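Down below is the structure, laid out as structure tokens.
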Amino acid sequence: MAISKKVTERIVTQLKRYQPILAAAKARDISESDTVVIIGDMLADVLGYKKYLEITTEYAIRGTYVDLAVKIDDEVRFLVEAKAIGIDLKDSHVKQAIDYGANNGVEWIILTNGVIWRFYKIHFRQPIDKTLLVELDMLNGNIRSEECIECFGNLSRECFAKDALATFYQQQQILSRYSLGHMILSDGVLSALRREIRQIAPKLKVDDAKLRAVLENEVLKREVVEGEYADAAKSTIGKMTKKAAKQKAKLSEARPSEIEQDNKSSSVSATSPTN
């Protein structure tokens with residue numbers, strides 16, 4: 001859903017207000033518990049949740065605890081795993097937060113140390129998997145960016161909706177550097193590049209393998225085409241491509257029936273007696 005002007009202004013204003021607070025806290029290297037206090041305040045001030053009613057600390061999940069949970073009408077919207085502001089976020093921290101969400105059926109997870117905010121979507125399959133939706137830096141990033149507004153806005157009290165988050169997730173996936181890198185190396189794009197090259201240099205012969213090698217080794221960064229996120233993007237694009245192909249096939253199958261029905265209707269109209 002669209003993020004209202006009121007919510008947008010609140011997000012930008014509050015994030016700007018918290019920047020010096022976070023900078024000072026980082027300079028003092030405050031503890032995890034003190035960092036959690038600031039994060040809880042940000043959930044209230046930036047996202048609009050009621051601090052003493054909808055933001056729960058030390059939320060219990062099967063004998064363990066997550067640092068913060070946001071609940072409305074007894075339904076958990078998302079979980080927050082927090083680390084001390086001076087701690088670099090690591091994969092082990094991600095696993096812990098994902099385990100929390102998977103055990104409670106919560107789809108959206110935030111991992112943050114106050115300055116860096118990572119937003120994840122959990123995939124409930126075997127094995128449990130996750131996708132990094134976006135990473136935002138409260139001190140060095142652009143808090144007015146569309147990405148920042150949409151991410152915080154879709155998780156806000158007023159705008160939270162699973163359909164909106166799913167659409168935002170899909171948008172982020174398609175436009176990620178990993179997905180674009182995979183698409184650049186696709187057969188369709190390589191064929192288009194060969195056509196462009198033939199127009200510029202008709203006598204030059206370049207095959208797809210040569211083009212792919214140049215793009216992989218000299219144009220694209222290694223992290224874009226290799227590693228966990230690149231593999232995940234490749235899998236996601238593959239699934240979306242198959243889904244789109246199935247939908248196209250269904251439409252193609254339906255159209256002949258519609259055409260036949262239209263023809264029958266036209267035939268009946270043509271043979272109907274007129275008074």
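The way I read the labels, and the way they are meant: chains A, B, ... in the order of the structure tokens, residue 1 as the first residue of every chain, and ligand 1 as the first ligand shown, with later ones counted on from there.
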
Report task. From range 116-274 of chain A, collect each residue whose DSSP state is strand (DSSP E) and return the set as JSON, numbers by chain. Result -> {"A": [116, 117, 118, 119, 120, 121, 122, 123, 129, 130, 131, 132, 133, 134, 135, 136, 137]}

Report task. Would you mind listing what lies within 7 Å of range 4-19 of chain A as a PyMOL selection string, with only C-alpha atoms counted and same-chain residues fewer than 2 positions away left out? Result -> chain A and resi 2+21-23+45-47+138-139+143-144+149+153

Using only C-alpha atoms, which protein or nucleic acid residues come within 6 Å of range 229-231 of chain A? Drop anything in the same chain fewer than 4 positions from it, and give the result as a CSV table (one decimal) with N, CA and C atoms, in the first residue's frame.
chain,number,residue,atom,x,y,z
A,178,TYR,N,21.8,-8.7,-7.3
A,178,TYR,CA,22.0,-10.1,-7.5
A,178,TYR,C,21.0,-10.6,-8.6
A,224,VAL,N,28.2,-10.3,-6.9
A,224,VAL,CA,26.9,-10.3,-7.6
A,224,VAL,C,26.6,-11.6,-8.2
A,225,VAL,N,27.5,-12.3,-8.7
A,225,VAL,CA,27.3,-13.6,-9.4
A,225,VAL,C,27.6,-14.8,-8.7

Sorted per-residue table, range 125-213 of chain A near range 75-78 of chain A, closest atoms and distance, 12 Å, only C-alpha atoms, as a Markdown table:
| residue | atom | partner | partner_atom | distance |
| --- | --- | --- | --- | --- |
| A:Asn154 | CA | A:Arg77 | CA | 11.3 |
| A:Leu155 | CA | A:Phe78 | CA | 8.3 |
| A:Ser156 | CA | A:Arg77 | CA | 10.0 |
| A:Arg157 | CA | A:Arg77 | CA | 9.5 |
| A:Cys159 | CA | A:Arg77 | CA | 11.8 |
| A:Phe160 | CA | A:Arg77 | CA | 8.2 |
| A:Ala161 | CA | A:Arg77 | CA | 9.4 |
| A:Lys162 | CA | A:Arg77 | CA | 9.3 |
| A:Leu165 | CA | A:Arg77 | CA | 11.3 |

Requested in this report: Quote the spacing between CA of His182 in chain A and CA of Ala233 in chain A in Å to one decimal place.
Outcome: 7.5 Å
